[in-house]
file structure.txt (compact mmCIF, C-alpha atoms)
# COMPACT_ATOMS: atom_id res chain seq x y z
CA GLY A 1 21.97 -5.34 6.10
CA ARG A 2 22.28 -9.03 5.46
CA ALA A 3 19.41 -11.46 5.69
CA GLY A 4 20.61 -15.04 6.11
CA GLY A 5 24.00 -13.99 4.74
CA THR A 6 22.55 -12.95 1.39
CA ASP A 7 23.25 -9.65 -0.36
CA ARG A 8 19.91 -7.80 -0.63
CA ARG A 9 20.82 -6.34 -4.01
CA THR A 10 21.37 -9.87 -5.28
CA ILE A 11 17.82 -10.65 -4.19
CA VAL A 12 16.22 -7.66 -5.86
CA ARG A 13 18.19 -7.98 -9.10
CA ALA A 14 17.28 -11.64 -9.37
CA SER A 15 13.61 -11.11 -8.58
CA GLY A 16 13.09 -8.17 -10.91
CA ARG A 17 12.56 -10.07 -14.12
CA PRO A 18 11.90 -8.33 -17.47
CA ALA A 19 8.40 -8.62 -18.84
CA ALA A 20 6.26 -7.09 -21.57
CA MET A 21 5.11 -3.65 -20.48
CA GLU A 22 1.40 -2.87 -20.48
CA PRO A 23 0.04 0.25 -22.19
CA GLU A 24 1.46 3.32 -20.49
CA THR A 25 0.01 6.74 -19.74
CA SER A 26 2.29 9.73 -20.30
CA ALA A 27 5.24 7.37 -20.24
CA GLY A 28 8.57 9.12 -19.70
CA SER A 29 11.81 8.18 -21.40
CA ALA A 30 15.05 7.34 -19.64
CA GLU A 31 16.65 10.36 -21.33
CA ALA A 32 14.01 12.73 -19.96
CA TYR A 33 14.37 11.18 -16.51
CA GLU A 34 18.12 11.78 -16.58
CA GLY A 35 17.38 15.50 -16.73
CA PRO A 36 19.83 18.41 -16.52
CA PRO A 37 23.24 18.10 -14.81
CA GLY A 38 22.90 17.99 -11.05
CA ARG A 39 19.36 16.65 -10.95
CA TRP A 40 20.44 13.51 -9.14
CA ALA A 41 23.38 15.00 -7.23
CA ASP A 42 22.08 13.87 -3.83
CA LEU A 43 21.49 10.33 -5.07
CA GLU A 44 24.91 10.20 -6.68
CA ARG A 45 26.53 11.08 -3.36
CA LEU A 46 25.02 7.88 -1.97
CA THR A 47 25.67 5.56 -4.91
CA ALA A 48 28.95 6.78 -6.40
CA ARG A 49 31.22 6.19 -3.44
CA GLY A 50 31.79 3.60 -0.76
CA GLY A 51 32.18 3.95 2.98
CA ASN A 52 31.82 2.17 6.30
CA LEU A 53 28.03 2.59 6.35
CA VAL A 54 27.22 0.90 3.03
CA GLY A 55 25.47 -2.44 2.82
CA PRO A 56 27.20 -5.73 1.97
CA GLY A 57 27.84 -6.21 -1.72
CA PHE A 58 27.70 -2.49 -2.52
CA GLU A 59 29.63 -1.55 -5.65
CA PRO A 60 29.79 2.24 -6.13
CA GLY A 61 29.47 3.71 -9.58
CA PRO A 62 27.02 5.41 -11.98
CA GLU A 63 25.46 2.08 -12.95
CA VAL A 64 23.95 1.82 -9.45
CA ARG A 65 21.71 4.83 -10.03
CA GLN A 66 21.10 3.84 -13.63
CA LEU A 67 19.69 0.52 -12.42
CA LEU A 68 16.73 2.38 -10.87
CA ALA A 69 15.85 3.99 -14.20
CA CYS A 70 16.29 1.04 -16.55
CA ASP A 71 13.23 -0.46 -18.24
CA GLU A 72 13.71 -3.89 -16.65
CA PHE A 73 13.59 -2.56 -13.08
CA ARG A 74 10.00 -2.04 -11.96
CA VAL A 75 8.47 -1.37 -8.56
CA LEU A 76 4.83 -1.99 -7.65
CA VAL A 77 2.99 0.29 -5.21
CA VAL A 78 -0.18 -1.27 -3.81
CA GLY A 79 -2.62 1.45 -2.78
CA ALA A 80 -3.02 5.00 -4.06
CA GLY A 81 -4.58 6.63 -0.99
CA GLY A 82 -2.97 8.93 1.54
CA LEU A 83 0.15 6.80 1.98
CA GLY A 84 0.17 5.69 -1.65
CA CYS A 85 0.26 9.27 -2.98
CA GLU A 86 3.28 10.00 -0.81
CA LEU A 87 4.99 6.79 -1.90
CA LEU A 88 4.51 7.50 -5.60
CA LYS A 89 5.89 11.01 -5.23
CA ASP A 90 8.86 9.90 -3.13
CA LEU A 91 9.80 6.95 -5.33
CA ALA A 92 9.70 9.04 -8.52
CA LEU A 93 11.83 11.77 -6.94
CA THR A 94 14.32 9.22 -5.55
CA GLY A 95 15.23 7.78 -8.93
CA PHE A 96 12.71 4.95 -9.43
CA ARG A 97 11.50 5.64 -12.98
CA ASN A 98 9.25 2.65 -13.73
CA VAL A 99 6.61 2.40 -11.03
CA HIS A 100 3.25 0.65 -11.29
CA VAL A 101 0.36 1.39 -8.94
CA ILE A 102 -2.73 -0.73 -8.30
CA ASP A 103 -5.86 0.46 -6.49
CA MET A 104 -9.54 -0.40 -6.78
CA ASP A 105 -10.95 2.80 -5.25
CA THR A 106 -12.29 5.98 -6.79
CA ILE A 107 -11.66 9.46 -5.42
CA ASP A 108 -14.04 10.86 -2.80
CA VAL A 109 -14.22 14.51 -1.82
CA SER A 110 -13.10 13.53 1.71
CA ASN A 111 -9.75 12.38 0.25
CA LEU A 112 -8.73 15.82 -0.97
CA ASN A 113 -7.45 17.17 2.35
CA ARG A 114 -4.45 14.82 2.40
CA GLN A 115 -4.23 12.89 -0.90
CA PHE A 116 -2.47 15.75 -2.62
CA LEU A 117 -2.25 14.25 -6.12
CA PHE A 118 -6.03 14.69 -6.49
CA ARG A 119 -8.12 17.79 -7.24
CA PRO A 120 -11.87 18.54 -6.94
CA ALA A 121 -12.34 17.81 -10.64
CA ASP A 122 -10.99 14.29 -10.04
CA VAL A 123 -13.77 13.22 -7.66
CA GLY A 124 -15.31 9.97 -8.87
CA LYS A 125 -12.30 9.00 -11.00
CA PRO A 126 -10.00 6.00 -10.32
CA LYS A 127 -7.29 6.83 -7.80
CA ALA A 128 -4.62 4.80 -9.57
CA GLU A 129 -5.15 6.50 -12.93
CA VAL A 130 -5.28 10.04 -11.55
CA ALA A 131 -2.27 9.52 -9.28
CA ALA A 132 -0.21 8.04 -12.12
CA ARG A 133 -1.06 10.92 -14.43
CA ALA A 134 -0.25 13.50 -11.74
CA VAL A 135 3.22 12.08 -11.06
CA ASN A 136 4.01 11.64 -14.76
CA GLU A 137 3.08 15.28 -15.38
CA ARG A 138 5.10 16.65 -12.48
CA VAL A 139 8.25 14.49 -12.56
CA SER A 140 10.02 14.72 -15.90
CA GLY A 141 10.62 11.30 -17.44
CA ALA A 142 8.68 9.37 -14.80
CA ASN A 143 6.74 6.36 -16.03
CA VAL A 144 4.00 5.49 -13.54
CA VAL A 145 1.59 2.87 -14.91
CA PRO A 146 -1.87 2.56 -13.26
CA HIS A 147 -4.00 -0.53 -12.68
CA PHE A 148 -7.59 0.21 -11.67
CA CYS A 149 -8.73 -3.12 -10.23
CA ARG A 150 -8.70 -5.34 -7.17
CA ILE A 151 -5.40 -6.98 -6.29
CA GLU A 152 -7.08 -10.39 -6.54
CA GLU A 153 -7.92 -9.76 -10.20
CA LYS A 154 -4.27 -9.88 -11.25
CA PRO A 155 -2.61 -13.27 -11.78
CA ASN A 156 0.36 -14.17 -9.63
CA GLU A 157 2.68 -13.85 -12.63
CA PHE A 158 1.82 -10.15 -12.74
CA TYR A 159 3.40 -9.67 -9.31
CA ARG A 160 6.39 -11.88 -10.11
CA ASP A 161 7.65 -9.38 -12.69
CA PHE A 162 8.41 -6.61 -10.18
CA ALA A 163 11.73 -6.13 -8.44
CA MET A 164 9.93 -5.31 -5.20
CA ILE A 165 6.48 -4.52 -3.85
CA VAL A 166 5.74 -1.49 -1.66
CA LEU A 167 2.51 -1.61 0.34
CA GLY A 168 0.50 1.50 1.19
CA LEU A 169 -2.59 -0.31 2.45
CA ASP A 170 -5.16 0.27 5.18
CA SER A 171 -6.48 -3.30 5.23
CA LEU A 172 -5.12 -6.34 7.05
CA GLU A 173 -6.86 -8.61 4.54
CA ALA A 174 -5.12 -6.95 1.59
CA ARG A 175 -1.76 -7.19 3.35
CA ALA A 176 -2.37 -10.86 4.05
CA TYR A 177 -3.17 -11.48 0.38
CA MET A 178 -0.02 -9.74 -0.88
CA ASN A 179 2.03 -11.57 1.76
CA ALA A 180 0.67 -14.91 0.53
CA VAL A 181 1.48 -14.04 -3.09
CA ALA A 182 5.06 -13.04 -2.28
CA CYS A 183 5.65 -16.07 -0.03
CA GLY A 184 4.30 -18.30 -2.80
CA PHE A 185 7.20 -17.28 -5.05
CA ALA A 186 9.87 -18.47 -2.61
CA GLU A 187 11.51 -21.79 -3.51
CA TYR A 188 13.57 -23.90 -1.12
CA ASP A 189 16.26 -26.54 -1.52
CA ALA A 190 16.25 -29.95 0.14
CA GLU A 191 17.77 -28.48 3.31
CA GLY A 192 15.10 -25.81 3.62
CA ASN A 193 17.24 -22.88 2.46
CA VAL A 194 15.45 -20.33 0.32
CA ASP A 195 16.69 -19.59 -3.20
CA PRO A 196 17.58 -15.84 -3.16
CA SER A 197 16.50 -15.45 -6.79
CA THR A 198 12.92 -16.34 -5.82
CA ILE A 199 12.57 -13.84 -2.97
CA LYS A 200 10.15 -10.98 -3.63
CA PRO A 201 10.99 -8.15 -1.18
CA ILE A 202 8.05 -6.33 0.39
CA VAL A 203 8.30 -2.90 1.99
CA ASP A 204 5.24 -2.48 4.18
CA GLY A 205 4.02 0.89 5.43
CA GLY A 206 0.98 1.67 7.52
CA THR A 207 -0.52 4.62 9.37
CA GLU A 208 -3.21 5.04 12.01
CA GLY A 209 -3.81 8.62 13.10
CA PHE A 210 -0.53 9.93 14.52
CA LYS A 211 1.02 6.45 14.58
CA GLY A 212 2.75 4.61 11.76
CA HIS A 213 5.20 1.89 10.87
CA SER A 214 7.51 0.75 8.10
CA ARG A 215 9.23 -2.61 7.76
CA VAL A 216 10.91 -4.91 5.25
CA LEU A 217 9.69 -8.46 4.63
CA LEU A 218 11.94 -10.93 2.83
CA PRO A 219 9.90 -14.16 2.44
CA GLY A 220 11.92 -17.13 3.58
CA MET A 221 14.41 -14.98 5.51
CA THR A 222 12.44 -12.66 7.77
CA PRO A 223 9.12 -13.15 9.60
CA CYS A 224 6.25 -12.72 7.15
CA PHE A 225 3.03 -10.79 7.71
CA HIS A 226 1.19 -13.75 9.22
CA CYS A 227 4.06 -14.34 11.65
CA THR A 228 3.61 -10.82 13.04
CA LEU A 229 -0.16 -10.45 12.76
CA TRP A 230 -0.41 -10.29 16.55
CA LEU A 231 1.35 -6.91 16.47
CA PHE A 232 -1.78 -5.24 15.10
CA PRO A 233 -4.35 -4.11 17.71
CA PRO A 234 -7.71 -5.95 17.73
CA GLN A 235 -10.65 -4.18 16.11
CA THR A 236 -13.44 -2.80 18.28
CA LYS A 237 -16.26 -5.26 18.96
CA PHE A 238 -19.75 -4.56 20.37
CA PRO A 239 -21.89 -7.07 22.34
CA LEU A 240 -24.77 -8.29 20.15
CA CYS A 241 -27.24 -7.83 23.01
CA THR A 242 -26.40 -4.13 23.13
CA LEU A 243 -26.78 -3.76 19.38
CA ALA A 244 -30.13 -5.58 19.33
CA GLU A 245 -31.80 -4.22 22.47
CA THR A 246 -30.21 -1.06 23.89
CA PRO A 247 -28.18 0.85 21.27
CA ARG A 248 -26.57 3.94 22.81
CA SER A 249 -24.50 5.38 19.98
CA ALA A 250 -24.50 5.93 16.24
CA ALA A 251 -21.87 3.17 15.90
CA HIS A 252 -24.24 0.70 17.56
CA CYS A 253 -26.89 1.48 14.93
CA VAL A 254 -24.45 0.97 12.06
CA GLU A 255 -23.19 -2.33 13.46
CA TYR A 256 -26.78 -3.49 14.01
CA ALA A 257 -27.61 -2.85 10.37
CA LYS A 258 -24.48 -4.63 9.16
CA LEU A 259 -24.32 -7.60 11.54
CA ILE A 260 -28.01 -8.33 12.19
CA LEU A 261 -30.29 -6.72 9.60
CA TRP A 262 -28.12 -7.69 6.63
CA GLY A 263 -28.32 -11.37 7.46
CA GLN A 264 -32.07 -11.17 8.11
CA GLU A 265 -33.08 -9.22 5.00
CA ARG A 266 -30.38 -10.39 2.56
CA PRO A 267 -29.56 -13.96 3.62
CA GLY A 268 -26.85 -15.74 1.72
CA GLU A 269 -25.44 -12.53 0.22
CA ALA A 270 -21.94 -11.52 1.28
CA PHE A 271 -21.55 -7.95 2.47
CA ASP A 272 -18.88 -5.92 0.64
CA ALA A 273 -17.91 -2.63 2.29
CA ASP A 274 -16.38 -1.44 -1.00
CA GLU A 275 -19.70 -1.84 -2.86
CA PRO A 276 -21.56 1.53 -2.81
CA GLU A 277 -24.98 -0.09 -2.94
CA HIS A 278 -24.18 -2.23 0.11
CA MET A 279 -22.89 0.75 2.08
CA THR A 280 -25.96 2.81 1.17
CA TRP A 281 -28.23 0.01 2.33
CA VAL A 282 -26.49 -0.21 5.71
CA TYR A 283 -26.49 3.56 6.12
CA GLU A 284 -30.23 3.88 5.43
CA ARG A 285 -31.12 1.10 7.91
CA ALA A 286 -28.78 2.50 10.52
CA LYS A 287 -30.26 5.97 10.15
CA LYS A 288 -33.80 4.61 10.55
CA ARG A 289 -32.80 2.71 13.71
CA ALA A 290 -31.05 5.78 15.12
CA GLU A 291 -34.19 7.86 14.59
CA THR A 292 -36.26 5.22 16.41
CA PHE A 293 -34.03 5.44 19.50
CA GLY A 294 -33.37 9.19 19.25
CA ILE A 295 -29.65 8.77 18.56
CA PRO A 296 -27.95 11.51 16.49
CA GLY A 297 -24.80 11.31 14.39
CA VAL A 298 -25.49 8.66 11.75
CA THR A 299 -24.14 9.94 8.44
CA TYR A 300 -22.91 8.09 5.37
CA SER A 301 -19.27 8.94 6.08
CA HIS A 302 -19.68 7.87 9.71
CA ALA A 303 -21.21 4.57 8.59
CA GLN A 304 -18.22 3.99 6.31
CA GLY A 305 -15.85 4.74 9.17
CA VAL A 306 -17.55 2.23 11.47
CA VAL A 307 -17.86 -0.54 8.87
CA LYS A 308 -14.31 -0.15 7.55
CA ASN A 309 -12.82 0.76 10.94
CA ILE A 310 -11.52 4.01 9.46
CA ILE A 311 -9.39 6.20 11.72
CA PRO A 312 -8.86 9.86 10.70
CA ALA A 313 -5.67 10.11 8.65
CA ILE A 314 -2.90 12.61 9.42
CA ALA A 315 -1.02 13.89 6.37
CA SER A 316 2.27 14.36 8.21
CA THR A 317 2.19 10.73 9.41
CA ASN A 318 1.76 9.55 5.83
CA ALA A 319 4.72 11.69 4.76
CA VAL A 320 7.05 10.35 7.47
CA VAL A 321 6.16 6.69 6.89
CA ALA A 322 6.36 7.01 3.08
CA ALA A 323 9.81 8.58 3.37
CA SER A 324 10.98 5.68 5.53
CA CYS A 325 9.55 3.11 3.09
CA THR A 326 11.16 4.83 0.11
CA LEU A 327 14.52 4.91 1.85
CA GLU A 328 14.29 1.19 2.57
CA ALA A 329 13.35 0.52 -1.06
CA LEU A 330 16.44 2.46 -2.14
CA LYS A 331 18.63 0.47 0.28
CA ILE A 332 17.27 -2.83 -1.04
CA ALA A 333 17.79 -1.81 -4.66
CA THR A 334 21.30 -0.38 -4.31
CA CYS A 335 22.79 -1.52 -0.96
CA CYS A 336 23.99 2.08 -0.56
CA SER A 337 23.34 1.68 3.16
CA LYS A 338 22.49 -1.09 5.60
CA GLY A 339 18.77 -1.86 5.75
CA MET A 340 16.67 -1.89 8.87
CA ASN A 341 16.96 -5.09 10.88
CA ASN A 342 13.41 -5.06 12.19
CA TYR A 343 10.91 -2.23 11.76
CA MET A 344 10.36 1.47 12.38
CA MET A 345 7.55 2.72 14.61
CA HIS A 346 6.47 6.34 14.35
CA MET A 347 4.65 8.06 17.25
CA GLY A 348 3.68 11.54 16.17
CA THR A 349 1.97 12.69 19.37
call {"tool": "encode", "arguments": {"input": "structure.txt", "output": "structure tokens"}}
result
Amino acid sequence: GRAGGTDRRTIVRASGRPAAMEPETSAGSAEAYEGPPGRWADLERLTARGGNLVGPGFEPGPEVRQLLACDEFRVLVVGAGGLGCELLKDLALTGFRNVHVIDMDTIDVSNLNRQFLFRPADVGKPKAEVAARAVNERVSGANVVPHFCRIEEKPNEFYRDFAMIVLGLDSLEARAYMNAVACGFAEYDAEGNVDPSTIKPIVDGGTEGFKGHSRVLLPGMTPCFHCTLWLFPPQTKFPLCTLAETPRSAAHCVEYAKLILWGQERPGEAFDADEPEHMTWVYERAKKRAETFGIPGVTYSHAQGVVKNIIPAIASTNAVVAASCTLEALKIATCCSKGMNNYMMHMGT
């Protein structure tokens, strides 16, 4: 609905500024995206007529749907993992033609059970590039543009040029970074009121096993990520005395290698869980310590799970949360319905 009395479509139209497009892969045309008669019948039912459930400022007509497919309207998806694959598929099939995706990871064989845009032959390749190609090949006219890099490597102006940002992340640090970038765009008048044209809407989705959430952040109007950081559960911590003297589990051995041995043997060097050489080093030391104490269960994948606090992903949870995020993105872009006032929590158990 409304946020501070401002029409959400006014926000997204003002914030989605045209910019020079980067080189595209299998770029689709607007004509191809239009497709045969009836392709967008369901979407047209939402955007071509009014009603008592529409959002404020909604103006029914064919131009509402056409806005989603125009070259100047671009959406950025951050993350191309389990949730990101679902988001890319849903956005393309909901009428968002120009979608960019940024991800720094490459495909691992363990991803294939739920990240359905990838195949065995794709193992080792950049997730963003493979996911973009897969959607472009399967959705006629779609134009998904990949960016294989860290989010910090892009200048802030890169993010300014998108109408909205959709997060499919599994990291609090990455969310905090994107939150800071979006909040940095907001400009205020002398009375402290935010200029709607400077608001960069964020649709945030997250999953953890059978649990998930989706929410909309409008910097300057709604609580930002830092304001609600306390909602996330604290990460598991182990007493250092247990790690150093009486390890009792494989996780203790991994944490010992990361927290104690790393600082002793590689002082002054920052540990990066996304650096394969660093993870291999921790795994090898953890395995040696586990053998010394007769503790089974230390594997490379287990070490990754402990270091990155990875919880087994459930494909159905990703699908539900991505659908909710996509629906909120559609509401923001078109005002075809009132947006969520707070957030959605999914409990799949």
call {"tool": "closest_atom_pairs", "arguments": {"input": "structure.txt", "of": "stretch 301-333 of chain A", "to": "stretch 241-251 of chain A", "cutoff": "10 Å", "atoms": "only C-alpha atoms", "output": "CSV"}}
result
residue,atom,partner,partner_atom,distance
A:His302,CA,A:Ala251,CA,8.1
A:Ala303,CA,A:Ala251,CA,7.5
A:Gly305,CA,A:Ala251,CA,9.2
A:Val306,CA,A:Ala251,CA,6.3
A:Val307,CA,A:Ala251,CA,8.9
call {"tool": "residues_near_point", "arguments": {"input": "structure.txt", "point": "(6.5, -0.7, -15.9)", "cutoff": "6 Å", "atoms": "all atoms listed in the file", "output": "tab-separated table (two decimals) with C-alpha atoms, in the frame of the given file"}}
result
chain	number	residue	atom	x	y	z
A	21	MET	CA	5.11	-3.65	-20.48
A	74	ARG	CA	10.00	-2.04	-11.96
A	98	ASN	CA	9.25	2.65	-13.73
A	99	VAL	CA	6.61	2.40	-11.03
A	100	HIS	CA	3.25	0.65	-11.29
call {"tool": "residues_around", "arguments": {"input": "structure.txt", "residues": "A:Pro296", "least_positions_apart": "2", "cutoff": "9 Å", "atoms": "all atoms listed in the file", "output": "PyMOL selection string"}}
result
chain A and resi 249-250+287+290-291+294+298
call {"tool": "residues_around", "arguments": {"input": "structure.txt", "residues": "stretch 221-228 of chain A", "least_positions_apart": "3", "cutoff": "10 Å", "atoms": "all atoms listed in the file", "output": "PDB file with C-alpha atoms, in the frame of the given file"}}
result
ATOM      1  CA  ARG A   2      22.280  -9.030   5.460  1.00  0.00           C
ATOM      2  CA  ALA A   3      19.410 -11.460   5.690  1.00  0.00           C
ATOM      3  CA  GLY A   4      20.610 -15.040   6.110  1.00  0.00           C
ATOM      4  CA  GLY A   5      24.000 -13.990   4.740  1.00  0.00           C
ATOM      5  CA  THR A   6      22.550 -12.950   1.390  1.00  0.00           C
ATOM      6  CA  LEU A 172      -5.120  -6.340   7.050  1.00  0.00           C
ATOM      7  CA  ARG A 175      -1.760  -7.190   3.350  1.00  0.00           C
ATOM      8  CA  ALA A 176      -2.370 -10.860   4.050  1.00  0.00           C
ATOM      9  CA  TYR A 177      -3.170 -11.480   0.380  1.00  0.00           C
ATOM     10  CA  MET A 178      -0.020  -9.740  -0.880  1.00  0.00           C
ATOM     11  CA  ASN A 179       2.030 -11.570   1.760  1.00  0.00           C
ATOM     12  CA  ALA A 180       0.670 -14.910   0.530  1.00  0.00           C
ATOM     13  CA  ALA A 182       5.060 -13.040  -2.280  1.00  0.00           C
ATOM     14  CA  CYS A 183       5.650 -16.070  -0.030  1.00  0.00           C
ATOM     15  CA  ALA A 186       9.870 -18.470  -2.610  1.00  0.00           C
ATOM     16  CA  ASN A 193      17.240 -22.880   2.460  1.00  0.00           C
ATOM     17  CA  VAL A 194      15.450 -20.330   0.320  1.00  0.00           C
ATOM     18  CA  PRO A 196      17.580 -15.840  -3.160  1.00  0.00           C
ATOM     19  CA  ILE A 199      12.570 -13.840  -2.970  1.00  0.00           C
ATOM     20  CA  ILE A 202       8.050  -6.330   0.390  1.00  0.00           C
ATOM     21  CA  ASP A 204       5.240  -2.480   4.180  1.00  0.00           C
ATOM     22  CA  VAL A 216      10.910  -4.910   5.250  1.00  0.00           C
ATOM     23  CA  LEU A 217       9.690  -8.460   4.630  1.00  0.00           C
ATOM     24  CA  LEU A 218      11.940 -10.930   2.830  1.00  0.00           C
ATOM     25  CA  LEU A 231       1.350  -6.910  16.470  1.00  0.00           C
ATOM     26  CA  PHE A 232      -1.780  -5.240  15.100  1.00  0.00           C
ATOM     27  CA  ASN A 341      16.960  -5.090  10.880  1.00  0.00           C
ATOM     28  CA  ASN A 342      13.410  -5.060  12.190  1.00  0.00           C
TER      29      ASN A 342
END
call {"tool": "residues_around", "arguments": {"input": "structure.txt", "residues": "A:Ala286", "least_positions_apart": "4", "cutoff": "7 Å", "atoms": "all atoms listed in the file", "output": "ChimeraX atom specification"}}
result
/A:253-254,257,282,290
call {"tool": "atom_distance", "arguments": {"input": "structure.txt", "atom1": "atom CA of A:Arg65", "atom2": "atom CA of A:Gly339"}}
result
17.4 Å
call {"tool": "axis_aligned_box", "arguments": {"input": "structure.txt", "around": "stretch 90-107 of chain A", "padding_each_side": "5 Å", "output": "AutoDock Vina command-line options"}}
result
--center_x 1.5 --center_y 5.5 --center_z -8.4 --size_x 37.5 --size_y 22.5 --size_z 20.6
call {"tool": "atom_distance", "arguments": {"input": "structure.txt", "atom1": "atom CA of A:Asp42", "atom2": "atom CA of A:Arg215"}}
result
23.9 Å
call {"tool": "residues_around", "arguments": {"input": "structure.txt", "residues": "A:Ala329", "least_positions_apart": "2", "cutoff": "12 Å", "atoms": "all atoms listed in the file", "output": "NGL selection string"}}
result
:A and (8-9 or 12 or 68 or 74-77 or 87 or 90-92 or 94-96 or 163-167 or 201-205 or 214-217 or 322-327 or 331-340)
